[in-house]
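Participant: Take a look at the following structure, please.
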Amino acid sequence: PLNYNLYAPPPPPHFNLHLNPNERTVSSFFIDDNLRESLQKRNEACLQTFSNPSIPDIVGVYHSLVPLNNNFDNNSARYGAVSHMYKATSNKDARLYALRRIENVNITDKQAFKTIKAWSSIENSNIVKVHEAFTTTVFGGNSLVVAYDFYGNAKTLIEIHFQNQPELITEQHLWSYLIQLVNALNEVHDKGLAVRSIDLSKVIVTNKNRIKLSGCGIVDILQHENTEDIAQLQKKDLELLAKLLYDLSITSIYGSVSFDDKTQDQIIDHLKFSDDYKATLKYLISADFNLKEIQTRIAPRLLDVIDGLQNSNDFIESQLSTELENARLVRLMSKLSFLHGRPEHEGDPNWSESSANYPLTLFVDYVYHQVDERGYPVVDLAHVITCLNKLDAGIEERILLVSKDEKNCIIISYKELKTLIEEGFNELRMRKDI
Amino acid sequence: PLNYNLYAPPPPPHFNLHLNPNERTVSSFFIDDNLRESLQKRNEACLQTFSNPSIPDIVGVYHSLVPLNNNFDNNSARYGAVSHMYKATSNKDARLYALRRIENVNITDKQAFKTIKAWSSIENSNIVKVHEAFTTTVFGGNSLVVAYDFYGNAKTLIEIHFQNQPELITEQHLWSYLIQLVNALNEVHDKGLAVRSIDLSKVIVTNKNRIKLSGCGIVDILQHENTEDIAQLQKKDLELLAKLLYDLSITSIYGSVSFDDKTQDQIIDHLKFSDDYKATLKYLISADFNLKEIQTRIAPRLLDVIDGLQNSNDFIESQLSTELENARLVRLMSKLSFLHGRPEHEGDPNWSESSANYPLTLFVDYVYHQVDERGYPVVDLAHVITCLNKLDAGIEERILLVSKDEKNCIIISYKELKTLIEEGFNELRMRKDI
Amino acid sequence: NLASSLEQATMLPPPANSDIIPADSDSTVPLSSIGMPYYDQPLLSNWPFDMKFSLGHVPKKINPELINSSKSVVENYNAHAFGQNNLPSGMGVNMNIPGVFKTDTDTRIAVYSREKYGPRNVAQPYYRLHDRSNQKNKFVPKFISERLDVDEKSSSTAENTNSDFKDTLYEQLFDCKPHSSQEVPYCFTKLDIHYSKFGVHDFDFEFFNKTNLSGLESHVQSAYCNSLLQLYRFAPLMFNYAVGSLAEESVDNNSLLTELGFLFDMMVKASGQHIAPSNFQKMLSKIPEASRILDIYNNGYNRDEHSQRVLIQSFNNFLLERISLDEMNQAKSNAPHIFNTIMGIPVECEFIGVGCGLRKIGNTTLYSLDVRHPKTNNVVLNKKLNHSIIPYIELALSRNLSVNMACDNCNETHAFDTLYTVKDLPPILSLNLELTNQELSELKASKTNWLASEFYASMNKGRICLKSITTGFRHLKYELLGYVAQVTDKEGNSNLVTFVKVGKDEWFLFNDFLVMPISEHEVLNLNYWWKKPVIVIYKNSESTNMFDYEGWRQNLNQDILYRDHFSRGTREGKIIEYELLTKEEAPQPGTLVAIDAEFVVIEPELVEFNSDGTKKVIRPLKNSLARVSVLRGDTGPKEGIPFIDDYVIIEEPINDYLTSWSGIEPDDLNLEKSKRSLTTLQAVYRKLWLLLNLGCIFVGHGLINDFRTINLSVPKQQVRDTAELYFLKKEKRKLSLKFLTYAVLRREVQKGNHDSIEDAKAALMLYRKYIQLNNTGELQHTLEE
């Protein structure tokens, strides 16, 4: 396992670098390190392999199964059966999927799968997408396998808020979770389905503050014979949702308030959250709670969330933009290095001052080999990145490149330099074909 | 084996993006099909320079002004004066700003700027942030200049929907614009301000379907002597908002329905949008329209937007997850280039065979200047990155580096090279302090 | 051992032009397709987290001289390819293989020089713009009002450090030697006046001038003229002539000579205080030829170097010609006899008709010589000639030109070969150096001072010969009096300054309002790339060195004080509120007069505001005198009776009559409609100037502003300003006339508009009261009320 700290060691915690508004450090030119690290970890999780004879090589169209570590055992609680999770790759489209396997099921009727088609048509940012469901014997016995989208390194709400350095549950979290779950339920209920498994262990956190309902559709399959009215099931969904939020909310006063002699409403009063939230929570646990009304009740919050999402969208887009630029820079810097300083060109009269290479040589000095007034080297990453970005874009701005002996100089635009480099590079590549 | 920090295939959601506009679902509404291209164009717009003696070099603390092309002339309509826009760089914080200049103003009292402080405190994802305002004489005459955040390649609603291959206005657009404008107005009115310039030419689109109000604060300055009641001005904002949506909505039935003999309500009936939308539009143009109520009315639509934004966020993040190593490579390559080939080192006996420079020079040849057995250049970026990755980690693997005259060679490990380069780089940086 | 190491070492991988990762910039193949090996040490790609990088520099422009001297790459290549080697040395680099640069490329190549442009690849340091003057900031002194605050609050230790700091600041400010080859010393750069809310007088001009020689303000039209005016101010004959001409009355003939005289007189009386040459500029803008030739409304700083030099030289020619015309006008003579004896250069012209052989001889008088590079006279370029100005001047003494003229013989207009010969040199010799940038840069190669501090002129076979040393023969010695120099910085901004000898051997630098002594060595040193001589004055060493400051007193014409001088008509139909002086009332030194003036606005203040609350005055309010009333002030029966109440004709468009303050109605100043005693500014000015020079003491309220707009420099001893006398020191507040009238005199406040006669009267009475209170010791008490 890698020590990600070595990748870009963070500065010491109390270090305060006094920057003027126009000054930057190295990190400002590149993707935020925390973001990068979390994405790298996610990639790593995606690439995990596992070879163990106990796991079949192929299950349905899936292969390369890797068990996902669930550090708790009450995965049986919700389903009434033991369940396992795996990461797997699909043969069909080479993508990654999360397989949830319930062992020892007894499914004999394809009616069991009647809701799966509806479930797989749901594309909601707060629901882990269901793909397909099937039974299989490759594990020994009859197992139900349901395939979902795979989210690397995702953790359940239990893991986040109740285990291993649990994250504190703030009012912001609660509002955010409420809104996301309402978003999910809205679509689910609109499609005439019910989740039936809303539970802290079946809600995963996939990025910062994004939650998704996982394991949808399984209860439908396991209890397909049970023909409860959909309206009833949907009402239960609301109750489970309320319970989930209530359970999360009261963790904030564990130990400081005794719950024994109080009604839920009374307990809610003790919460150290805003009146607005407490009122909303009371409404949730009441019998009146319905989806249409909750939306209108929390409409201003919805706008806040929209504002927040737009901002985080802008942020991450700018990170992407930076890294796309950096990708281009790597390619550009490589081209410069491919062309510049080739041993076979030294001493070749065609490749000295009488060619396109000359401006290139001067340009490399201009970018990387600046000095200060007294002749000492100046290491300025900002200058390098600015110049190379301008070169990549090929702008009209002209720069002054002075010869090494300082006797003459050329005035050339980035646009022209870009053309010279492209042509030089193509010539280099095609040289053997001549 | 180079197993670490590899990219993994992009995580879900997997959208089918290249669909017709009316086939796109609301959940992918905010996802840009050509995200990379858009971002690249935006970066290039930020790098543009312009040199023309008609534009002053320095305006206040801003320099490097580039006129922004407004392909329409009604920039005078809203302000009653000729206005120009420029991209500029701030000397204070080195960021890019959009300067809006109104020429020939007669401002003799700093009271004109009394709302600017409040405007500049607004940070809303649907408002282009105001920074400062000032008058200047450098353009000849007395000009008002207001500085805003700069968005590269942003287009106004007029340009998007009414010019050059106009984009079709779907119901989703309308809901989305309405919600974003309500978000903006909410904050503006809460702060006791009024926009006063809500107009198709003063709304820009900065990312996919994200709009922002531009040019805020200008009317306040130009009409600062006009002391209309703020409540009145805010009411006018609502009317302008309604008008904007109305104007956008009816483009869908231009030509197919005659407007002459109809009331607005009647015209709305003809629209081919959902009943829900039509009802909302009628509400907007009515006198009852107020911000608090509209939020509750359109709450379900708010959830739709949340869903779309969350998806967009996830999408961008997934794109980002394949671009995580670029930063590292840029940092590494630039470190090498700072050190390698410095003019002051040529001919310096200390910087030749008895120092870090020599192995470095040979290494650079090894990485970038490979030839095949017939002496033709080999251009292989994969080889470059492989070597650089090994160097970055500093592994024990040893390589054979041959001198240019092919008479000597050294055998050196990546680990040793790494140490030499790190020391050389530090020496370079510290040289002036010695 | 080597063999096994070789085995273990990785050989070069087999060549593969693989495109696993395309190098193509648009490729989307992730660079992370190739992974990292396992690492347990910090990566090499790490950079120190405490490295700071600066961004946001104002981009440094490529030196315009480089661009101008550059050639297109294609042109350069063609020149090489076809063996044309007339490129300046060093441009031997051939940069174009056919096909690499397209013919429409804009890439250019030029000769570079490290001395001129600096070493290569120097990183550009970051400068904060802040207030539009980066390094200059340290030389902007505190406003006087700010300084008073600080001085009062500071403890002794703070004061000490303040003055230490100030000393080093002064050293740097007045340091005329550059400390790097790229830098122009601050004392030569264009200086800005900064305005606080208290106006121009709050700017600490004294910071820039510790001498008793007055500098000229730069924020006026045609401020480039300042440099030449300072030069002539210190030419004794010129000074005496201009000041002496003031003895005569010349009020209606737009005489620039008269204005020059008044200006010189003011510069002397101001004794080191700053002055704005506003009346001189006003007169200049009235003269039609001036606005045609010169760029009246531009302050001359936005031009390129060469055209700025042409501009100041044109002004030189114009000024001298105009003075000669003014003398002729005033003296009603057919030639400016006096001026000709000072600066007149008699020239004989011999015309020979081309083709017809007609020979004509004429004579004319020039006032300045155009000095050109010897080669323009078709003289073979002799290296020796470059080393001194003397051969340049000598060659300018005769010129061959071809002129088209009407021929008496042929009755048509055709070319004439013309030979101009200077017959004699005047006591003050004015030289316009018409040299190109290239020619000027060649001067620096000379080992001795190109600007000779003296030369000797003698007559030889009808021609004037100039030598650097005396030959003992009959000669006239000329010494360098001074010159106007152009200073150009790296960015191509040019400023005009003056070096001039004052007294026997003391040299001074004048840069608008900056005045400082400077060594002769520095004056003559032309080795700086940024310094170019433009107009040079030599003075005959036998001509007088004495400045006659009282030259106007001889036969002083005071008539105008005793008569009406209306621009139109007589007293009939006019509102006359004054009583003319009689001869018995002739002003003496110490005569008390009360004065008040009214102004109208020509141009309002131009201010730049910022939303963060700061503001900057770009151009202060521009006023013009509209009415002035002077009352008798001495005790006696006529105390308080006005003897001057003149309304002034204003020819510029008036922005605001300020009627509620000034009492001036638009029609009052209209020549057609006015019922007032309208007269010219020159006439009014002369009256006031006479009163000043006859020693009158002026009583008024807020006179510092009045005198500034009138453009009169009144010594402190001759001013009794009730605003200063009744000044509340603790609150630093000046009290208004209205308030004081009410409070101190217990009189009815003026109803309606101001009236200068009333105001002057009020000031006079306040003054009387002040004397009374002061004597009885009640002043302090009254003030506190």
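Labels used: A, B, ... for chains in the order of the structure tokens, numbers from 1 for residues in each chain, and numbers from 1 for ligands as shown.
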Where in region 207-365 of chain A does DSSP assign helix (DSSP H, G or I), given as number ranges by chain?

Facilitator: A: 218-222, 230-253, 264-270, 275-285, 291-297, 299-339, 343-345, 349-351, 357-365

Participant: Those same residues - C-alpha atoms - I'd like them written as an mmCIF file, in the first residue's frame.

Facilitator:
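The result, stored in again.cif:
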data_model
loop_
_atom_site.group_PDB
_atom_site.id
_atom_site.type_symbol
_atom_site.label_atom_id
_atom_site.label_comp_id
_atom_site.auth_asym_id
_atom_site.auth_seq_id
_atom_site.Cartn_x
_atom_site.Cartn_y
_atom_site.Cartn_z
ATOM 1 C CA ILE A 218 -33.151 -6.642 -3.524
ATOM 2 C CA VAL A 219 -35.996 -6.628 -1.061
ATOM 3 C CA ASP A 220 -38.401 -6.629 -3.993
ATOM 4 C CA ILE A 221 -36.787 -9.835 -5.207
ATOM 5 C CA LEU A 222 -36.497 -11.519 -1.861
ATOM 6 C CA ILE A 230 -47.372 -0.176 -3.124
ATOM 7 C CA ALA A 231 -48.835 2.798 -1.322
ATOM 8 C CA GLN A 232 -48.235 1.089 1.960
ATOM 9 C CA LEU A 233 -44.674 0.242 1.028
ATOM 10 C CA GLN A 234 -44.059 3.795 -0.021
ATOM 11 C CA LYS A 235 -45.440 5.021 3.282
ATOM 12 C CA LYS A 236 -42.993 2.742 5.020
ATOM 13 C CA ASP A 237 -40.219 4.293 2.971
ATOM 14 C CA LEU A 238 -41.127 7.641 4.443
ATOM 15 C CA GLU A 239 -41.091 6.238 7.914
ATOM 16 C CA LEU A 240 -37.683 4.686 7.358
ATOM 17 C CA LEU A 241 -36.402 7.953 5.998
ATOM 18 C CA ALA A 242 -37.670 9.797 9.022
ATOM 19 C CA LYS A 243 -36.130 7.243 11.296
ATOM 20 C CA LEU A 244 -32.775 7.486 9.559
ATOM 21 C CA LEU A 245 -32.678 11.210 10.019
ATOM 22 C CA TYR A 246 -33.910 11.013 13.534
ATOM 23 C CA ASP A 247 -31.246 8.475 14.434
ATOM 24 C CA LEU A 248 -28.556 10.614 12.918
ATOM 25 C CA SER A 249 -29.837 13.754 14.608
ATOM 26 C CA ILE A 250 -29.951 12.425 18.111
ATOM 27 C CA THR A 251 -26.358 11.226 18.084
ATOM 28 C CA SER A 252 -25.499 14.811 18.787
ATOM 29 C CA ILE A 253 -27.002 14.598 22.256
ATOM 30 C CA GLN A 264 -39.564 11.889 20.272
ATOM 31 C CA ASP A 265 -40.819 15.426 19.913
ATOM 32 C CA GLN A 266 -39.416 16.281 23.298
ATOM 33 C CA ILE A 267 -36.098 14.775 22.440
ATOM 34 C CA ILE A 268 -36.044 16.786 19.282
ATOM 35 C CA ASP A 269 -36.519 19.953 21.297
ATOM 36 C CA HIS A 270 -33.245 19.233 23.036
ATOM 37 C CA ASP A 275 -35.577 25.852 14.948
ATOM 38 C CA ASP A 276 -36.195 25.394 11.291
ATOM 39 C CA TYR A 277 -34.546 21.982 11.328
ATOM 40 C CA LYS A 278 -36.232 20.857 14.473
ATOM 41 C CA ALA A 279 -39.620 21.792 13.066
ATOM 42 C CA THR A 280 -38.821 19.933 9.892
ATOM 43 C CA LEU A 281 -37.689 16.863 11.802
ATOM 44 C CA LYS A 282 -40.873 16.844 13.823
ATOM 45 C CA TYR A 283 -42.799 17.045 10.622
ATOM 46 C CA LEU A 284 -40.872 14.095 9.238
ATOM 47 C CA ILE A 285 -41.664 11.824 12.118
ATOM 48 C CA LEU A 291 -43.046 13.982 -0.340
ATOM 49 C CA LYS A 292 -44.856 16.757 -2.142
ATOM 50 C CA GLU A 293 -45.237 18.787 0.952
ATOM 51 C CA ILE A 294 -41.720 18.361 2.257
ATOM 52 C CA GLN A 295 -40.438 19.839 -0.962
ATOM 53 C CA THR A 296 -42.442 22.995 -0.618
ATOM 54 C CA ARG A 297 -41.513 23.226 3.039
ATOM 55 C CA ALA A 299 -37.815 25.044 -0.902
ATOM 56 C CA PRO A 300 -35.436 27.792 0.324
ATOM 57 C CA ARG A 301 -33.006 25.108 1.443
ATOM 58 C CA LEU A 302 -33.220 23.600 -1.982
ATOM 59 C CA LEU A 303 -32.090 26.874 -3.473
ATOM 60 C CA ASP A 304 -29.178 26.971 -1.052
ATOM 61 C CA VAL A 305 -28.194 23.499 -2.102
ATOM 62 C CA ILE A 306 -28.383 24.516 -5.720
ATOM 63 C CA ASP A 307 -26.111 27.449 -5.068
ATOM 64 C CA GLY A 308 -23.679 25.216 -3.236
ATOM 65 C CA LEU A 309 -23.704 22.619 -5.987
ATOM 66 C CA GLN A 310 -23.122 25.218 -8.638
ATOM 67 C CA ASN A 311 -20.164 26.512 -6.722
ATOM 68 C CA SER A 312 -18.670 23.087 -6.250
ATOM 69 C CA ASN A 313 -19.309 22.417 -9.918
ATOM 70 C CA ASP A 314 -17.332 25.524 -10.770
ATOM 71 C CA PHE A 315 -14.560 24.431 -8.462
ATOM 72 C CA ILE A 316 -14.160 21.003 -9.818
ATOM 73 C CA GLU A 317 -14.449 22.195 -13.354
ATOM 74 C CA SER A 318 -11.580 24.556 -12.784
ATOM 75 C CA GLN A 319 -9.558 21.716 -11.335
ATOM 76 C CA LEU A 320 -10.270 19.691 -14.433
ATOM 77 C CA SER A 321 -9.391 22.609 -16.612
ATOM 78 C CA THR A 322 -6.057 22.973 -14.881
ATOM 79 C CA GLU A 323 -5.222 19.335 -15.248
ATOM 80 C CA LEU A 324 -6.246 19.224 -18.873
ATOM 81 C CA GLU A 325 -3.881 22.092 -19.436
ATOM 82 C CA ASN A 326 -1.204 20.202 -17.598
ATOM 83 C CA ALA A 327 -1.735 17.189 -19.813
ATOM 84 C CA ARG A 328 -1.148 19.390 -22.794
ATOM 85 C CA LEU A 329 1.896 20.887 -21.147
ATOM 86 C CA VAL A 330 3.436 17.476 -20.594
ATOM 87 C CA ARG A 331 3.047 16.712 -24.260
ATOM 88 C CA LEU A 332 4.372 20.101 -25.239
ATOM 89 C CA MET A 333 7.364 19.888 -22.925
ATOM 90 C CA SER A 334 8.122 16.477 -24.331
ATOM 91 C CA LYS A 335 8.042 17.822 -27.835
ATOM 92 C CA LEU A 336 10.444 20.565 -26.889
ATOM 93 C CA SER A 337 12.763 18.039 -25.307
ATOM 94 C CA PHE A 338 12.513 15.686 -28.258
ATOM 95 C CA LEU A 339 13.607 18.458 -30.534
ATOM 96 C CA PRO A 343 23.197 14.815 -30.194
ATOM 97 C CA GLU A 344 22.898 14.117 -33.898
ATOM 98 C CA HIS A 345 22.128 17.751 -34.501
ATOM 99 C CA PRO A 349 25.302 22.984 -40.052
ATOM 100 C CA ASN A 350 21.700 22.513 -41.026
ATOM 101 C CA TRP A 351 20.642 22.320 -37.476
ATOM 102 C CA ASN A 357 15.990 24.973 -34.291
ATOM 103 C CA TYR A 358 17.658 28.249 -33.521
ATOM 104 C CA PRO A 359 14.585 30.003 -32.202
ATOM 105 C CA LEU A 360 13.739 26.837 -30.307
ATOM 106 C CA THR A 361 17.092 26.794 -28.536
ATOM 107 C CA LEU A 362 16.742 30.421 -27.588
ATOM 108 C CA PHE A 363 13.191 29.818 -26.459
ATOM 109 C CA VAL A 364 14.210 27.000 -24.137
ATOM 110 C CA ASP A 365 16.690 29.361 -22.502
#

Participant: Which chain A residues are at most 8 Å from chain C (counting only C-alpha atoms), as a ChimeraX atom specification?

Facilitator: /A:2-3,5-11,17,19,22-27,327-328,331-332,334-335,353-356,358,365-366,369-373,375,378,380-382,399-404,406-413,416,420

Participant: Residues at most 8 Å from region 527-530 of chain C, counting only C-alpha atoms, excluding those fewer than 3 positions away in the same chain, as a list in words?

Facilitator: Lys116, Val184, Ser441, Lys444, Ala445, Gln486, Val487, Thr488 and Asp489 of chain C

Participant: Output C-alpha atoms for every residue in the selection just made, as a PDB file, in the first residue's frame.

Facilitator:
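Here's the written file again38.pdb:
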ATOM      1  CA  LYS C 116      22.093  49.189 -24.254  1.00  0.00           C
ATOM      2  CA  VAL C 184      17.417  57.109 -15.305  1.00  0.00           C
ATOM      3  CA  SER C 441      24.368  58.490 -30.011  1.00  0.00           C
ATOM      4  CA  LYS C 444      28.989  59.661 -26.835  1.00  0.00           C
ATOM      5  CA  ALA C 445      31.973  58.133 -28.484  1.00  0.00           C
ATOM      6  CA  GLN C 486      15.858  65.535 -23.463  1.00  0.00           C
ATOM      7  CA  VAL C 487      15.804  62.614 -21.053  1.00  0.00           C
ATOM      8  CA  THR C 488      14.204  59.418 -22.325  1.00  0.00           C
ATOM      9  CA  ASP C 489      13.540  56.375 -20.153  1.00  0.00           C
TER      10      ASP C 489
END

Participant: Quick one: distance from CA of Ser197 (chain A) to CA of Arg101 (chain A) in Å, one decimal?

Facilitator: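 Rounded to one decimal, the two atoms are 15.7 Å apart.
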
Participant: Please list as a ChimeraX atom specification every residue within 10 Å of Thr135 (chain A), counting only C-alpha atoms and excluding residues in the same chain fewer than 2 positions away.

Facilitator: /A:59-60,101-103,105-108,133,137-138,142-146

Participant: Write out the residues from the selection above, keeping N, CA and C atoms, as a tab-separated table (two decimals), in the first residue's frame.

Facilitator:
chain	number	residue	atom	x	y	z
A	59	VAL	N	-18.61	-15.06	-13.10
A	59	VAL	CA	-19.98	-15.11	-12.60
A	59	VAL	C	-20.85	-14.36	-13.60
A	60	GLY	N	-21.65	-15.10	-14.29
A	60	GLY	CA	-22.46	-14.44	-15.32
A	60	GLY	C	-21.52	-13.86	-16.36
A	101	ARG	N	-24.34	-10.27	-3.53
A	101	ARG	CA	-24.78	-11.68	-3.58
A	101	ARG	C	-25.45	-12.06	-2.27
A	102	ILE	N	-26.65	-12.55	-2.44
A	102	ILE	CA	-27.35	-13.12	-1.27
A	102	ILE	C	-27.28	-14.62	-1.43
A	103	GLU	N	-26.70	-15.28	-0.46
A	103	GLU	CA	-26.53	-16.72	-0.64
A	103	GLU	C	-27.77	-17.49	-0.18
A	105	VAL	N	-30.63	-18.51	-1.59
A	105	VAL	CA	-32.01	-18.03	-1.79
A	105	VAL	C	-32.77	-19.09	-2.57
A	106	ASN	N	-34.03	-18.95	-2.50
A	106	ASN	CA	-34.86	-19.92	-3.21
A	106	ASN	C	-35.79	-19.21	-4.16
A	107	ILE	N	-35.25	-18.92	-5.28
A	107	ILE	CA	-36.08	-18.19	-6.25
A	107	ILE	C	-36.38	-19.11	-7.42
A	108	THR	N	-37.64	-19.29	-7.64
A	108	THR	CA	-38.02	-20.23	-8.70
A	108	THR	C	-38.88	-19.59	-9.75
A	133	ALA	N	-30.24	-8.48	-12.49
A	133	ALA	CA	-30.28	-9.42	-11.37
A	133	ALA	C	-30.40	-10.83	-11.95
A	137	THR	N	-25.23	-20.55	-9.60
A	137	THR	CA	-24.80	-21.62	-8.72
A	137	THR	C	-23.29	-21.70	-8.59
A	138	VAL	N	-22.59	-20.82	-9.23
A	138	VAL	CA	-21.13	-20.97	-9.24
A	138	VAL	C	-20.50	-20.80	-7.87
A	142	ASN	N	-27.56	-21.86	-4.28
A	142	ASN	CA	-28.25	-20.94	-5.18
A	142	ASN	C	-28.08	-19.51	-4.65
A	143	SER	N	-27.39	-18.71	-5.38
A	143	SER	CA	-27.19	-17.33	-4.94
A	143	SER	C	-27.93	-16.38	-5.84
A	144	LEU	N	-28.41	-15.31	-5.24
A	144	LEU	CA	-28.98	-14.21	-6.01
A	144	LEU	C	-27.87	-13.19	-6.19
A	145	VAL	N	-27.69	-12.75	-7.38
A	145	VAL	CA	-26.69	-11.70	-7.62
A	145	VAL	C	-27.37	-10.52	-8.29
A	146	VAL	N	-27.18	-9.36	-7.73
A	146	VAL	CA	-27.69	-8.14	-8.37
A	146	VAL	C	-26.50	-7.25	-8.70

Participant: DSSP says strand (DSSP E or B) for which residues of region 52-181 of chain B? Put them as an MDAnalysis selection string?

Facilitator: chainID B and resid 58:59 62:67 83:90 96:102 127 130:136 143:149 155:156

Participant: One number please: CA of Ile537 (chain C) to CA of Glu327 (chain C), in Å, one decimal.

Facilitator: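 The value is 21.7 Å.
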
Participant: Using only C-alpha atoms, which protein or nucleic acid residues come within 7 Å of Tyr148 (chain A)? Drop anything in the same chain fewer than 2 positions from it, and give the result as a list in words.

Facilitator: Tyr97, Ala98, Leu99, Val128, Lys129, Val130, His131, Val146 and Phe150 of chain A

Participant: Select, from A:Pro21, A:Pro67, A:Gly424, A:Pro12, the residue with the minimum atom-to-atom distance to chain B, counting only C-alpha atoms.

Facilitator: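 Distance minimum relative to chain B lands on A:Pro21.
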
Participant: Hey, what's within 9 Å of Gln180 (chain B) if we count only C-alpha atoms and toss same-chain stuff fewer than 5 positions away? As a list in words, please?

Facilitator: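 Within the cut-off, the hits are Leu303, Ile306 and Asp307 of chain A; Ser125, Asn126, Trp175, Leu185, Arg210, Ile211 and Lys212 of chain B.
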
Participant: Suppose you want the space between CA of Arg463 (chain C) and CA of Leu480 (chain C); what is it in Å?

Facilitator: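 So the two atoms, CA of Arg463 (chain C) and CA of Leu480 (chain C), lie 21.9 Å apart.
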
Participant: Which is closer to chain B than all the others in A:Ser258, A:Ser54, A:Asn124, A:Thr49, using only C-alpha atoms?

Facilitator: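 Answer, going by the shortest atom-to-atom distance: A:Asn124.
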